[in-house]
file query34.tsv (TSV, C-alpha atoms and all ligand atoms)
chain	number	residue	atom	x	y	z
M	2	MET	CA	11.71	-66.98	-106.12
M	3	ASN	CA	10.72	-69.49	-103.46
M	4	THR	CA	9.37	-66.67	-101.28
M	5	PHE	CA	7.01	-65.67	-104.11
M	6	LYS	CA	5.88	-69.27	-104.52
M	7	TYR	CA	5.04	-69.57	-100.81
M	8	LEU	CA	3.28	-66.20	-100.78
M	9	TYR	CA	1.25	-67.22	-103.84
M	10	THR	CA	0.26	-70.54	-102.26
M	11	PHE	CA	-0.70	-68.75	-99.03
M	12	LEU	CA	-2.95	-66.30	-100.92
M	13	ILE	CA	-4.65	-69.14	-102.83
M	14	ILE	CA	-5.40	-70.94	-99.54
M	15	LEU	CA	-6.82	-67.75	-98.03
M	16	SER	CA	-9.08	-67.09	-101.00
M	17	CYS	CA	-10.30	-70.70	-100.98
M	18	GLY	CA	-11.57	-70.43	-97.40
M	19	ASN	CA	-15.10	-71.15	-98.59
M	20	ILE	CA	-14.13	-74.53	-100.05
M	21	PHE	CA	-13.33	-75.63	-96.52
M	22	GLY	CA	-16.62	-74.27	-95.23
M	23	GLN	CA	-15.05	-71.19	-93.73
M	24	ASP	CA	-16.14	-67.72	-94.57
M	25	ASN	CA	-13.55	-65.05	-93.88
M	26	ASN	CA	-16.27	-62.80	-92.42
M	27	GLN	CA	-17.70	-65.56	-90.28
M	28	SER	CA	-17.91	-65.18	-86.52
M	29	SER	CA	-19.28	-67.80	-84.16
M	30	LYS	CA	-22.07	-65.49	-83.03
M	31	TRP	CA	-25.75	-66.06	-83.79
M	32	SER	CA	-29.07	-65.09	-82.21
M	33	ILE	CA	-32.66	-66.13	-82.77
M	34	ALA	CA	-36.06	-65.12	-81.37
M	35	LEU	CA	-39.60	-66.24	-82.13
M	36	HIS	CA	-43.10	-65.21	-81.20
M	37	GLY	CA	-46.40	-67.04	-81.17
M	38	GLY	CA	-48.70	-64.04	-80.96
M	39	ALA	CA	-49.70	-61.38	-78.45
M	40	GLY	CA	-53.00	-61.05	-76.61
M	41	THR	CA	-54.96	-60.79	-73.39
M	42	LEU	CA	-54.96	-62.99	-70.30
M	43	SER	CA	-58.00	-65.07	-71.24
M	44	PRO	CA	-59.46	-67.70	-68.86
M	45	ASP	CA	-58.48	-70.52	-71.23
M	46	LEU	CA	-54.81	-69.66	-70.71
M	47	THR	CA	-54.38	-72.33	-68.03
M	48	LYS	CA	-51.06	-73.46	-66.55
M	49	GLU	CA	-51.23	-76.56	-68.76
M	50	LYS	CA	-51.84	-74.44	-71.87
M	51	ILE	CA	-48.89	-72.19	-70.98
M	52	LYS	CA	-46.66	-75.24	-70.53
M	53	MET	CA	-47.77	-76.59	-73.90
M	54	LEU	CA	-47.11	-73.26	-75.62
M	55	GLU	CA	-43.67	-73.03	-74.02
M	56	ASN	CA	-42.74	-76.58	-74.99
M	57	HIS	CA	-43.74	-76.04	-78.61
M	58	MET	CA	-41.89	-72.72	-78.78
M	59	LEU	CA	-38.74	-74.35	-77.36
M	60	GLU	CA	-39.07	-77.16	-79.88
M	61	ALA	CA	-39.40	-74.64	-82.73
M	62	LEU	CA	-36.44	-72.71	-81.35
M	63	SER	CA	-34.25	-75.83	-81.36
M	64	ILE	CA	-34.85	-76.20	-85.11
M	65	GLY	CA	-33.50	-72.70	-85.71
M	66	GLU	CA	-30.63	-73.20	-83.26
M	67	SER	CA	-29.45	-76.31	-84.99
M	68	ILE	CA	-29.34	-74.51	-88.37
M	69	LEU	CA	-27.56	-71.43	-87.02
M	70	SER	CA	-25.07	-73.28	-84.80
M	71	LYS	CA	-23.85	-75.25	-87.83
M	72	GLY	CA	-23.21	-72.03	-89.75
M	73	GLY	CA	-26.52	-72.17	-91.66
M	74	LYS	CA	-28.30	-69.13	-93.06
M	75	SER	CA	-30.68	-66.98	-91.02
M	76	ILE	CA	-33.19	-67.01	-93.90
M	77	ASP	CA	-33.35	-70.83	-93.70
M	78	ALA	CA	-33.57	-70.77	-89.90
M	79	VAL	CA	-36.51	-68.34	-89.77
M	80	GLN	CA	-38.35	-70.28	-92.47
M	81	ALA	CA	-37.85	-73.64	-90.72
M	82	VAL	CA	-39.04	-72.26	-87.38
M	83	VAL	CA	-42.14	-70.70	-88.92
M	84	ILE	CA	-42.98	-73.95	-90.75
M	85	TYR	CA	-42.94	-75.79	-87.40
M	86	LEU	CA	-45.23	-73.16	-85.85
M	87	GLU	CA	-47.57	-73.22	-88.88
M	88	ASP	CA	-47.94	-76.98	-88.47
M	89	CYS	CA	-48.59	-76.69	-84.73
M	90	PRO	CA	-52.36	-76.33	-84.08
M	91	LEU	CA	-51.83	-74.12	-81.02
M	92	PHE	CA	-51.02	-71.05	-83.09
M	93	ASN	CA	-53.00	-68.80	-85.43
M	94	ALA	CA	-50.97	-69.65	-88.53
M	95	GLY	CA	-51.30	-72.62	-90.87
M	96	LYS	CA	-53.17	-75.34	-88.92
M	97	GLY	CA	-55.09	-73.63	-86.12
M	98	ALA	CA	-55.62	-70.35	-87.99
M	99	VAL	CA	-58.71	-68.25	-87.29
M	100	THR	CA	-61.35	-67.81	-90.00
M	101	ASN	CA	-62.91	-64.71	-91.49
M	102	LEU	CA	-66.57	-63.89	-90.73
M	103	GLN	CA	-67.65	-66.25	-93.55
M	104	GLY	CA	-65.93	-69.13	-91.75
M	105	ILE	CA	-63.12	-69.37	-94.32
M	106	HIS	CA	-59.42	-69.45	-93.44
M	107	GLU	CA	-57.41	-66.85	-95.37
M	108	LEU	CA	-53.71	-66.89	-94.57
M	109	ASP	CA	-50.94	-64.30	-94.93
M	110	ALA	CA	-47.15	-64.66	-94.66
M	111	ALA	CA	-43.91	-62.86	-95.47
M	112	ILE	CA	-40.18	-63.45	-95.38
M	113	MET	CA	-37.29	-61.00	-95.80
M	114	ASP	CA	-33.55	-61.39	-96.26
M	115	GLY	CA	-31.63	-58.52	-94.65
M	116	SER	CA	-28.47	-59.25	-96.66
M	117	ASN	CA	-29.97	-58.11	-99.96
M	118	LEU	CA	-33.36	-56.63	-98.97
M	119	LYS	CA	-35.11	-59.32	-100.99
M	120	ALA	CA	-38.60	-60.13	-99.75
M	121	GLY	CA	-41.52	-62.41	-100.56
M	122	ALA	CA	-45.11	-62.17	-99.34
M	123	VAL	CA	-48.48	-63.85	-99.88
M	124	ALA	CA	-51.97	-62.94	-98.73
M	125	GLY	CA	-55.44	-64.44	-98.72
M	126	LEU	CA	-54.25	-68.03	-99.28
M	127	ARG	CA	-56.99	-70.61	-98.71
M	128	ASP	CA	-55.32	-73.88	-99.59
M	129	VAL	CA	-51.53	-73.69	-99.23
M	130	LYS	CA	-50.45	-75.77	-96.23
M	131	ASN	CA	-47.41	-73.66	-95.40
M	132	PRO	CA	-47.82	-70.03	-96.49
M	133	VAL	CA	-44.25	-69.13	-95.46
M	134	LYS	CA	-42.94	-71.59	-98.07
M	135	ALA	CA	-45.00	-69.78	-100.71
M	136	ALA	CA	-43.59	-66.43	-99.53
M	137	ARG	CA	-40.04	-67.80	-99.80
M	138	LEU	CA	-40.70	-69.00	-103.34
M	139	VAL	CA	-42.12	-65.61	-104.32
M	140	MET	CA	-38.83	-64.14	-103.09
M	141	ASP	CA	-36.55	-66.73	-104.68
M	142	SER	CA	-38.35	-67.69	-107.87
M	143	THR	CA	-40.25	-64.65	-109.15
M	144	LYS	CA	-39.36	-61.07	-109.91
M	145	HIS	CA	-42.15	-59.92	-107.60
M	146	VAL	CA	-42.51	-59.32	-103.88
M	147	PHE	CA	-46.21	-59.85	-103.17
M	148	LEU	CA	-48.74	-62.33	-104.60
M	149	ILE	CA	-52.34	-62.62	-103.39
M	150	GLY	CA	-55.36	-64.92	-103.53
M	151	GLU	CA	-55.88	-67.31	-106.42
M	152	GLY	CA	-52.76	-66.17	-108.25
M	153	ALA	CA	-50.64	-66.86	-105.18
M	154	SER	CA	-52.25	-70.30	-104.77
M	155	ALA	CA	-51.74	-71.17	-108.44
M	156	PHE	CA	-48.09	-70.16	-108.14
M	157	ALA	CA	-47.65	-72.27	-104.99
M	158	LYS	CA	-49.21	-75.27	-106.77
M	159	SER	CA	-46.97	-74.78	-109.79
M	160	GLN	CA	-43.96	-74.89	-107.44
M	161	GLY	CA	-45.08	-78.22	-105.97
M	162	LEU	CA	-46.10	-76.97	-102.51
M	163	ASP	CA	-48.59	-79.04	-100.48
M	164	ILE	CA	-52.19	-78.03	-101.18
M	165	VAL	CA	-54.91	-78.81	-98.63
M	166	GLU	CA	-58.67	-78.40	-98.16
M	167	ASN	CA	-59.58	-75.19	-96.33
M	168	SER	CA	-60.92	-77.33	-93.46
M	169	TYR	CA	-57.38	-78.64	-92.83
M	170	PHE	CA	-56.64	-75.36	-91.01
M	171	SER	CA	-59.62	-75.70	-88.60
M	172	THR	CA	-59.25	-76.78	-84.99
M	173	ASP	CA	-62.11	-77.13	-82.49
M	174	GLU	CA	-60.67	-74.39	-80.29
M	175	MET	CA	-60.38	-71.82	-83.09
M	176	MET	CA	-63.79	-72.66	-84.55
M	177	ALA	CA	-65.43	-72.26	-81.10
M	178	GLN	CA	-63.74	-68.90	-80.71
M	179	ASN	CA	-64.89	-67.82	-84.18
M	180	GLU	CA	-68.47	-68.71	-83.23
M	181	ARG	CA	-68.30	-66.62	-80.05
M	182	ILE	CA	-67.02	-63.66	-82.07
M	183	LYS	CA	-69.79	-64.09	-84.66
M	184	MET	CA	-72.37	-64.19	-81.88
M	185	ARG	CA	-70.68	-61.08	-80.45
M	186	THR	CA	-70.09	-62.70	-77.08
M	187	GLU	CA	-66.37	-62.13	-77.49
M	188	GLU	CA	-64.40	-59.21	-78.93
M	189	PRO	CA	-62.01	-59.93	-81.79
M	190	TYR	CA	-58.45	-59.73	-80.54
M	191	PRO	CA	-55.06	-60.65	-81.96
M	192	VAL	CA	-53.83	-64.06	-80.91
M	193	GLY	CA	-51.33	-66.63	-82.05
M	194	THR	CA	-49.65	-65.16	-85.14
M	195	VAL	CA	-46.13	-66.60	-85.46
M	196	GLY	CA	-42.81	-65.06	-86.41
M	197	CYS	CA	-39.08	-65.55	-86.21
M	198	VAL	CA	-36.02	-63.32	-86.55
M	199	ALA	CA	-32.38	-64.41	-86.68
M	200	LEU	CA	-28.78	-63.32	-87.09
M	201	ASP	CA	-26.43	-65.92	-88.55
M	202	MET	CA	-22.66	-66.38	-88.25
M	203	ASN	CA	-22.13	-64.42	-91.46
M	204	GLY	CA	-23.82	-61.34	-90.00
M	205	ASN	CA	-26.96	-61.80	-92.09
M	206	LEU	CA	-30.34	-60.94	-90.62
M	207	ALA	CA	-33.72	-62.41	-91.65
M	208	ALA	CA	-37.34	-62.23	-90.57
M	209	ALA	CA	-40.46	-64.30	-91.31
M	210	THR	CA	-44.06	-63.98	-90.10
M	211	SER	CA	-47.21	-66.02	-90.75
M	212	THR	CA	-50.83	-65.62	-89.65
M	213	GLY	CA	-54.50	-66.43	-90.10
M	214	GLY	CA	-55.07	-62.73	-89.37
M	215	MET	CA	-57.33	-61.09	-86.79
M	216	SER	CA	-60.24	-63.13	-85.56
M	217	GLY	CA	-63.55	-61.63	-86.73
M	218	LYS	CA	-61.96	-60.18	-89.88
M	219	LYS	CA	-63.86	-59.37	-93.06
M	220	TRP	CA	-63.56	-61.53	-96.14
M	221	GLY	CA	-60.54	-60.27	-98.11
M	222	ARG	CA	-58.98	-58.40	-95.19
M	223	VAL	CA	-55.18	-58.41	-95.22
M	224	GLY	CA	-53.23	-57.43	-92.13
M	225	ASP	CA	-49.72	-56.18	-91.47
M	226	VAL	CA	-47.92	-59.53	-91.58
M	227	PRO	CA	-47.33	-59.71	-95.36
M	228	VAL	CA	-46.90	-55.93	-95.73
M	229	ILE	CA	-43.14	-55.48	-95.89
M	230	GLY	CA	-42.11	-52.81	-93.37
M	231	ALA	CA	-45.31	-53.16	-91.31
M	232	GLY	CA	-45.26	-56.66	-89.75
M	233	THR	CA	-42.04	-57.97	-91.27
M	234	TYR	CA	-38.70	-56.33	-92.08
M	235	ALA	CA	-34.98	-57.16	-92.18
M	236	ASN	CA	-31.96	-55.08	-93.05
M	237	ASN	CA	-28.39	-56.13	-92.27
M	238	SER	CA	-27.44	-52.58	-91.35
M	239	THR	CA	-30.08	-52.33	-88.60
M	240	ALA	CA	-32.28	-55.23	-87.47
M	241	ALA	CA	-34.73	-58.00	-88.34
M	242	ILE	CA	-38.22	-57.46	-86.95
M	243	SER	CA	-41.43	-59.53	-86.82
M	244	GLY	CA	-44.64	-58.15	-85.36
M	245	THR	CA	-47.85	-59.43	-83.89
M	246	GLY	CA	-50.91	-57.48	-82.89
M	247	HIS	CA	-53.63	-55.25	-84.23
M	248	GLY	CA	-52.47	-55.32	-87.86
M	249	GLU	CA	-54.29	-52.17	-88.98
M	250	LEU	CA	-52.21	-50.14	-86.50
M	251	TRP	CA	-49.01	-51.89	-87.57
M	252	ILE	CA	-49.73	-50.92	-91.20
M	253	ARG	CA	-50.61	-47.32	-90.37
M	254	ARG	CA	-47.47	-46.90	-88.24
M	255	VAL	CA	-45.24	-48.96	-90.56
M	256	VAL	CA	-43.97	-50.47	-87.32
M	257	ALA	CA	-41.14	-52.76	-88.41
M	258	PHE	CA	-39.62	-50.24	-90.80
M	259	ASP	CA	-40.02	-47.45	-88.26
M	260	ILE	CA	-37.91	-49.40	-85.75
M	261	SER	CA	-35.24	-49.93	-88.40
M	262	ALA	CA	-35.42	-46.26	-89.50
M	263	LEU	CA	-34.98	-44.94	-85.94
M	264	MET	CA	-31.83	-47.04	-85.66
M	265	ASP	CA	-30.61	-46.01	-89.10
M	266	TYR	CA	-31.34	-42.29	-89.12
M	267	LYS	CA	-31.32	-41.44	-85.44
M	268	GLY	CA	-28.83	-43.90	-83.98
M	269	TYR	CA	-31.34	-45.51	-81.60
M	270	THR	CA	-30.45	-48.85	-80.04
M	271	LEU	CA	-32.78	-51.70	-81.02
M	272	GLU	CA	-34.39	-51.72	-77.57
M	273	GLY	CA	-34.78	-47.93	-77.60
M	274	ALA	CA	-36.36	-47.95	-81.07
M	275	ALA	CA	-38.72	-50.82	-80.24
M	276	ASN	CA	-39.87	-49.15	-77.00
M	277	GLU	CA	-40.38	-45.83	-78.79
M	278	VAL	CA	-42.57	-47.39	-81.49
M	279	ILE	CA	-44.61	-49.77	-79.32
M	280	PHE	CA	-45.21	-47.50	-76.31
M	281	ASN	CA	-45.07	-43.98	-77.75
M	282	LYS	CA	-46.54	-44.58	-81.21
M	283	ILE	CA	-48.77	-47.68	-81.00
M	284	SER	CA	-50.11	-47.51	-77.42
M	285	PRO	CA	-51.71	-44.05	-77.82
M	286	MET	CA	-53.67	-45.33	-80.84
M	287	GLY	CA	-55.74	-47.67	-78.65
M	288	GLY	CA	-56.87	-50.90	-80.32
M	289	SER	CA	-55.84	-54.26	-78.97
M	290	GLY	CA	-52.09	-53.59	-79.13
M	291	GLY	CA	-49.41	-56.22	-79.66
M	292	GLY	CA	-45.65	-56.46	-79.84
M	293	ILE	CA	-42.51	-57.23	-81.79
M	294	ILE	CA	-39.53	-59.51	-81.61
M	295	ALA	CA	-36.30	-58.26	-83.15
M	296	VAL	CA	-32.59	-58.96	-83.40
M	297	ASP	CA	-29.96	-56.42	-84.39
M	298	LYS	CA	-26.75	-56.79	-86.37
M	299	ASN	CA	-24.81	-57.34	-83.11
M	300	GLY	CA	-27.07	-60.15	-81.97
M	301	ASN	CA	-29.01	-58.13	-79.35
M	302	ILE	CA	-32.58	-59.35	-78.98
M	303	SER	CA	-35.66	-57.24	-78.12
M	304	MET	CA	-39.11	-58.56	-77.30
M	305	VAL	CA	-41.36	-55.58	-76.60
M	306	PHE	CA	-45.16	-55.72	-76.22
M	307	ASN	CA	-47.95	-53.62	-74.70
M	308	THR	CA	-50.36	-56.54	-74.24
M	309	GLU	CA	-50.74	-58.83	-71.22
M	310	THR	CA	-49.22	-61.76	-73.06
M	311	MET	CA	-46.84	-62.43	-75.91
M	312	ASN	CA	-45.76	-66.00	-76.61
M	313	ARG	CA	-42.01	-65.69	-77.05
M	314	ALA	CA	-38.71	-67.54	-76.96
M	315	TRP	CA	-35.10	-66.70	-77.76
M	316	SER	CA	-31.63	-68.18	-77.88
M	317	LYS	CA	-28.05	-67.02	-78.43
M	318	SER	CA	-24.77	-68.66	-79.37
M	319	ASP	CA	-23.42	-68.01	-75.83
M	320	GLY	CA	-25.75	-70.78	-74.59
M	321	THR	CA	-28.38	-68.52	-73.00
M	322	PHE	CA	-32.03	-69.01	-73.96
M	323	GLY	CA	-35.48	-68.23	-72.61
M	324	VAL	CA	-39.21	-68.59	-73.02
M	325	GLY	CA	-42.29	-66.74	-71.76
M	326	VAL	CA	-46.01	-66.20	-72.26
M	327	ILE	CA	-47.30	-63.72	-69.64
M	328	LYS	CA	-45.73	-60.26	-69.26
M	329	GLY	CA	-42.98	-60.29	-66.64
M	330	ASP	CA	-42.95	-64.08	-66.48
M	331	ASP	CA	-39.77	-64.90	-68.41
M	332	LYS	CA	-37.86	-68.07	-67.80
M	333	SER	CA	-34.15	-67.85	-68.68
M	334	PHE	CA	-31.70	-70.73	-68.89
M	335	LYS	CA	-28.05	-71.36	-69.67
M	336	LYS	CA	-26.96	-74.51	-71.48
M	401	LIG	N1	-51.06	-58.93	-86.88
M	401	LIG	C1	-51.97	-59.95	-87.27
M	401	LIG	C2	-52.95	-59.35	-88.24
M	401	LIG	O1	-53.40	-58.25	-88.01
M	401	LIG	C3	-52.71	-60.59	-86.14
M	401	LIG	C4	-51.87	-61.03	-84.98
M	401	LIG	O2	-50.69	-60.73	-84.92
M	401	LIG	O3	-52.39	-61.72	-84.11
M	401	LIG	O4	-53.30	-60.00	-89.18

call {"tool": "encode", "arguments": {"input": "query34.tsv", "output": "structure tokens"}}
result
Amino acid sequence: MNTFKYLYTFLIILSCGNIFGQDNNQSSKWSIALHGGAGTLSPDLTKEKIKMLENHMLEALSIGESILSKGGKSIDAVQAVVIYLEDCPLFNAGKGAVTNLQGIHELDAAIMDGSNLKAGAVAGLRDVKNPVKAARLVMDSTKHVFLIGEGASAFAKSQGLDIVENSYFSTDEMMAQNERIKMRTEEPYPVGTVGCVALDMNGNLAAATSTGGMSGKKWGRVGDVPVIGAGTYANNSTAAISGTGHGELWIRRVVAFDISALMDYKGYTLEGAANEVIFNKISPMGGSGGGIIAVDKNGNISMVFNTETMNRAWSKSDGTFGVGVIKGDDKSFKK
């Protein structure tokens, strides 16, 4: 009789693992990567600017690391990192976003939870301070995936998100660049979109991306970022992917989903799938190119781009982390 009593008590303790903050499926492994846009080696990319970009990316990374290392969820980590990057004026998302040809900022964002394939996206926002928060609320608090324009703004307001004047998003640097593009002294090119992908200790993958879009875009233009499967995708059985680059190509090639599908249907590794899509599918299409960051279900990270630069940073639970801006110029560290 006593044996049964002990066995019963043992089973109760096992099944109550969660009460003590332990998940039976939990490992101590996590991975995170972020990007701050892909582009060309422009003259204003000075050593000081590179240092600033790297410092801000490492700061953003540390926010995600602290969530993941405490056993937090990947969906919360990617959102927190993207909020930091939206608030940082150096990037083309939130404050610092480019404008359309009418001089108005219109922002897009998406978030996806690989554990249940739930997703939220917003496009054409003009007054929501942090578009990724609106995307998260679309995912969590509506039965929809994608809200746009005034309806998306009204929803964000109703949820209590911070609302700002459109001019809040302007910075001198972005406005000067917009002018040059309007005057046709500079070609529109992708720059400064932000994204984050992560694997948490419970094996859950998540991705989030946010952008002001392509500089020189038409009023009402929506890029790949909020299109689930194009610029943003996460699926626990394959990978979490966030893109940056010439959004029209990313939509036409369904880039993020294609990477996941190559892994799923053809058994590609993450790196193999990302290289196949960026170099064999995107590069031949011309345009201004771009790249992706991704993490797979085993915590492997890929950062693949066909442009001269991609602002990027990554970190893993084994204490290794890195940061880079220019192609081939990656700095790696061990804690
Ligand atoms: N992919 C973004 C868009 O087309 C731009 C970028 O990544 O820089 O809206």

call {"tool": "closest_atom_pairs", "arguments": {"input": "query34.tsv", "of": "chain M", "to": "ligand LIG 401 (chain M)", "cutoff": "7 Å", "atoms": "all atoms listed in the file", "output": "tab-separated table"}}
result
residue	atom	partner	partner_atom	distance
M:Gly38	CA	M:LIG401	O3	5.4
M:Ala39	CA	M:LIG401	O3	6.3
M:Pro191	CA	M:LIG401	O3	3.6
M:Val192	CA	M:LIG401	O3	4.2
M:Gly193	CA	M:LIG401	O3	5.4
M:Thr194	CA	M:LIG401	O3	4.5
M:Thr212	CA	M:LIG401	O4	6.2
M:Gly213	CA	M:LIG401	O4	6.6
M:Gly214	CA	M:LIG401	O4	3.3
M:Met215	CA	M:LIG401	C3	4.7
M:Val223	CA	M:LIG401	O4	6.5
M:Gly224	CA	M:LIG401	O4	3.9
M:Asp225	CA	M:LIG401	O1	5.5
M:Val226	CA	M:LIG401	N1	5.7
M:Gly232	CA	M:LIG401	N1	6.9
M:Gly244	CA	M:LIG401	O2	6.6
M:Thr245	CA	M:LIG401	O2	3.3
M:Gly246	CA	M:LIG401	O2	3.8
M:His247	CA	M:LIG401	O1	4.8
M:Gly248	CA	M:LIG401	O1	3.1
M:Glu249	CA	M:LIG401	O1	6.2

call {"tool": "write_last_selection", "arguments": {"input": "query34.tsv", "atoms": "C-alpha atoms", "output": "CSV table (one decimal), in the frame of the given file"}}
result
chain,number,residue,atom,x,y,z
M,38,GLY,CA,-48.7,-64.0,-81.0
M,39,ALA,CA,-49.7,-61.4,-78.4
M,191,PRO,CA,-55.1,-60.6,-82.0
M,192,VAL,CA,-53.8,-64.1,-80.9
M,193,GLY,CA,-51.3,-66.6,-82.0
M,194,THR,CA,-49.6,-65.2,-85.1
M,212,THR,CA,-50.8,-65.6,-89.6
M,213,GLY,CA,-54.5,-66.4,-90.1
M,214,GLY,CA,-55.1,-62.7,-89.4
M,215,MET,CA,-57.3,-61.1,-86.8
M,223,VAL,CA,-55.2,-58.4,-95.2
M,224,GLY,CA,-53.2,-57.4,-92.1
M,225,ASP,CA,-49.7,-56.2,-91.5
M,226,VAL,CA,-47.9,-59.5,-91.6
M,232,GLY,CA,-45.3,-56.7,-89.8
M,244,GLY,CA,-44.6,-58.2,-85.4
M,245,THR,CA,-47.8,-59.4,-83.9
M,246,GLY,CA,-50.9,-57.5,-82.9
M,247,HIS,CA,-53.6,-55.2,-84.2
M,248,GLY,CA,-52.5,-55.3,-87.9
M,249,GLU,CA,-54.3,-52.2,-89.0

call {"tool": "residues_around", "arguments": {"input": "query34.tsv", "residues": "Ile279 (chain M)", "least_positions_apart": "3", "cutoff": "8 Å", "atoms": "all atoms listed in the file", "output": "list in words"}}
result
Ala275, Asn276, Lys282, Ile283, Ser284, Gly292, Val305, Phe306 and Asn307 of chain M

call {"tool": "residues_around", "arguments": {"input": "query34.tsv", "residues": "Gly150 (chain M)", "least_positions_apart": "4", "cutoff": "8 Å", "atoms": "only C-alpha atoms", "output": "list in words"}}
result
Val123, Ala124, Gly125, Leu126, Arg127 and Ser154 of chain M

call {"tool": "atom_distance", "arguments": {"input": "query34.tsv", "atom1": "CA of Ala61 (chain M)", "atom2": "CA of Leu138 (chain M)"}}
result
21.4 Å

call {"tool": "residues_near_point", "arguments": {"input": "query34.tsv", "point": "(-42.6, -61.2, -67.8)", "cutoff": "12 Å", "atoms": "all atoms listed in the file", "output": "PyMOL selection string"}}
result
chain M and resi 304-314+323-333

call {"tool": "residues_around", "arguments": {"input": "query34.tsv", "residues": "region 163-177 of chain M", "least_positions_apart": "6", "cutoff": "12 Å", "atoms": "all atoms listed in the file", "output": "VMD selection string"}}
result
chain M and resid 45 87 to 108 125 to 135 153 to 157 183 to 184 186 to 187 192 to 193 212 to 213 215 to 217

call {"tool": "write_last_selection", "arguments": {"input": "query34.tsv", "atoms": "C-alpha atoms", "output": "compact mmCIF listing (two decimals), in the coordinates of the input"}}
result
# COMPACT_ATOMS: atom_id res chain seq x y z
CA ASP M 45 -58.48 -70.52 -71.23
CA GLU M 87 -47.57 -73.22 -88.88
CA ASP M 88 -47.94 -76.98 -88.47
CA CYS M 89 -48.59 -76.69 -84.73
CA PRO M 90 -52.36 -76.33 -84.08
CA LEU M 91 -51.83 -74.12 -81.02
CA PHE M 92 -51.02 -71.05 -83.09
CA ASN M 93 -53.00 -68.80 -85.43
CA ALA M 94 -50.97 -69.65 -88.53
CA GLY M 95 -51.30 -72.62 -90.87
CA LYS M 96 -53.17 -75.34 -88.92
CA GLY M 97 -55.09 -73.63 -86.12
CA ALA M 98 -55.62 -70.35 -87.99
CA VAL M 99 -58.71 -68.25 -87.29
CA THR M 100 -61.35 -67.81 -90.00
CA ASN M 101 -62.91 -64.71 -91.49
CA LEU M 102 -66.57 -63.89 -90.73
CA GLN M 103 -67.65 -66.25 -93.55
CA GLY M 104 -65.93 -69.13 -91.75
CA ILE M 105 -63.12 -69.37 -94.32
CA HIS M 106 -59.42 -69.45 -93.44
CA GLU M 107 -57.41 -66.85 -95.37
CA LEU M 108 -53.71 -66.89 -94.57
CA GLY M 125 -55.44 -64.44 -98.72
CA LEU M 126 -54.25 -68.03 -99.28
CA ARG M 127 -56.99 -70.61 -98.71
CA ASP M 128 -55.32 -73.88 -99.59
CA VAL M 129 -51.53 -73.69 -99.23
CA LYS M 130 -50.45 -75.77 -96.23
CA ASN M 131 -47.41 -73.66 -95.40
CA PRO M 132 -47.82 -70.03 -96.49
CA VAL M 133 -44.25 -69.13 -95.46
CA LYS M 134 -42.94 -71.59 -98.07
CA ALA M 135 -45.00 -69.78 -100.71
CA ALA M 153 -50.64 -66.86 -105.18
CA SER M 154 -52.25 -70.30 -104.77
CA ALA M 155 -51.74 -71.17 -108.44
CA PHE M 156 -48.09 -70.16 -108.14
CA ALA M 157 -47.65 -72.27 -104.99
CA LYS M 183 -69.79 -64.09 -84.66
CA MET M 184 -72.37 -64.19 -81.88
CA THR M 186 -70.09 -62.70 -77.08
CA GLU M 187 -66.37 -62.13 -77.49
CA VAL M 192 -53.83 -64.06 -80.91
CA GLY M 193 -51.33 -66.63 -82.05
CA THR M 212 -50.83 -65.62 -89.65
CA GLY M 213 -54.50 -66.43 -90.10
CA MET M 215 -57.33 -61.09 -86.79
CA SER M 216 -60.24 -63.13 -85.56
CA GLY M 217 -63.55 -61.63 -86.73

call {"tool": "atom_distance", "arguments": {"input": "query34.tsv", "atom1": "CA of Leu62 (chain M)", "atom2": "CA of Lys158 (chain M)"}}
result
28.6 Å

call {"tool": "atom_distance", "arguments": {"input": "query34.tsv", "atom1": "CA of Lys298 (chain M)", "atom2": "CA of Ser32 (chain M)"}}
result
9.6 Å

call {"tool": "residues_around", "arguments": {"input": "query34.tsv", "residues": "Val195 (chain M)", "least_positions_apart": "5", "cutoff": "6 Å", "atoms": "all atoms listed in the file", "output": "PDB file with C-alpha atoms, in the coordinates of the input"}}
result
ATOM      1  CA  HIS M  36     -43.100 -65.210 -81.200  1.00  0.00           C
ATOM      2  CA  GLY M  37     -46.400 -67.040 -81.170  1.00  0.00           C
ATOM      3  CA  GLY M  38     -48.700 -64.040 -80.960  1.00  0.00           C
ATOM      4  CA  THR M 210     -44.060 -63.980 -90.100  1.00  0.00           C
ATOM      5  CA  SER M 211     -47.210 -66.020 -90.750  1.00  0.00           C
TER       6      SER M 211
END

call {"tool": "closest_residue", "arguments": {"input": "query34.tsv", "among": "M:Ser289, M:Ser63, M:Ser318, M:Gln178", "to": "Gly40 (chain M)", "atoms": "only C-alpha atoms"}}
result
M:Ser289

call {"tool": "residues_around", "arguments": {"input": "query34.tsv", "residues": "Thr239 (chain M)", "least_positions_apart": "2", "cutoff": "9 Å", "atoms": "all atoms listed in the file", "output": "PyMOL selection string"}}
result
chain M and resi 115+206+235-237+241+260-262+264-265+271+296-298

call {"tool": "closest_residue", "arguments": {"input": "query34.tsv", "among": "M:Ser67, M:Gln160, M:Gln80, M:Asn205", "to": "Leu35 (chain M)", "atoms": "only C-alpha atoms"}}
result
M:Gln80

call {"tool": "closest_residue", "arguments": {"input": "query34.tsv", "among": "M:Asp259, M:Ala209, M:Asn299, M:Ser159", "to": "Ala122 (chain M)", "atoms": "all atoms listed in the file"}}
result
M:Ala209
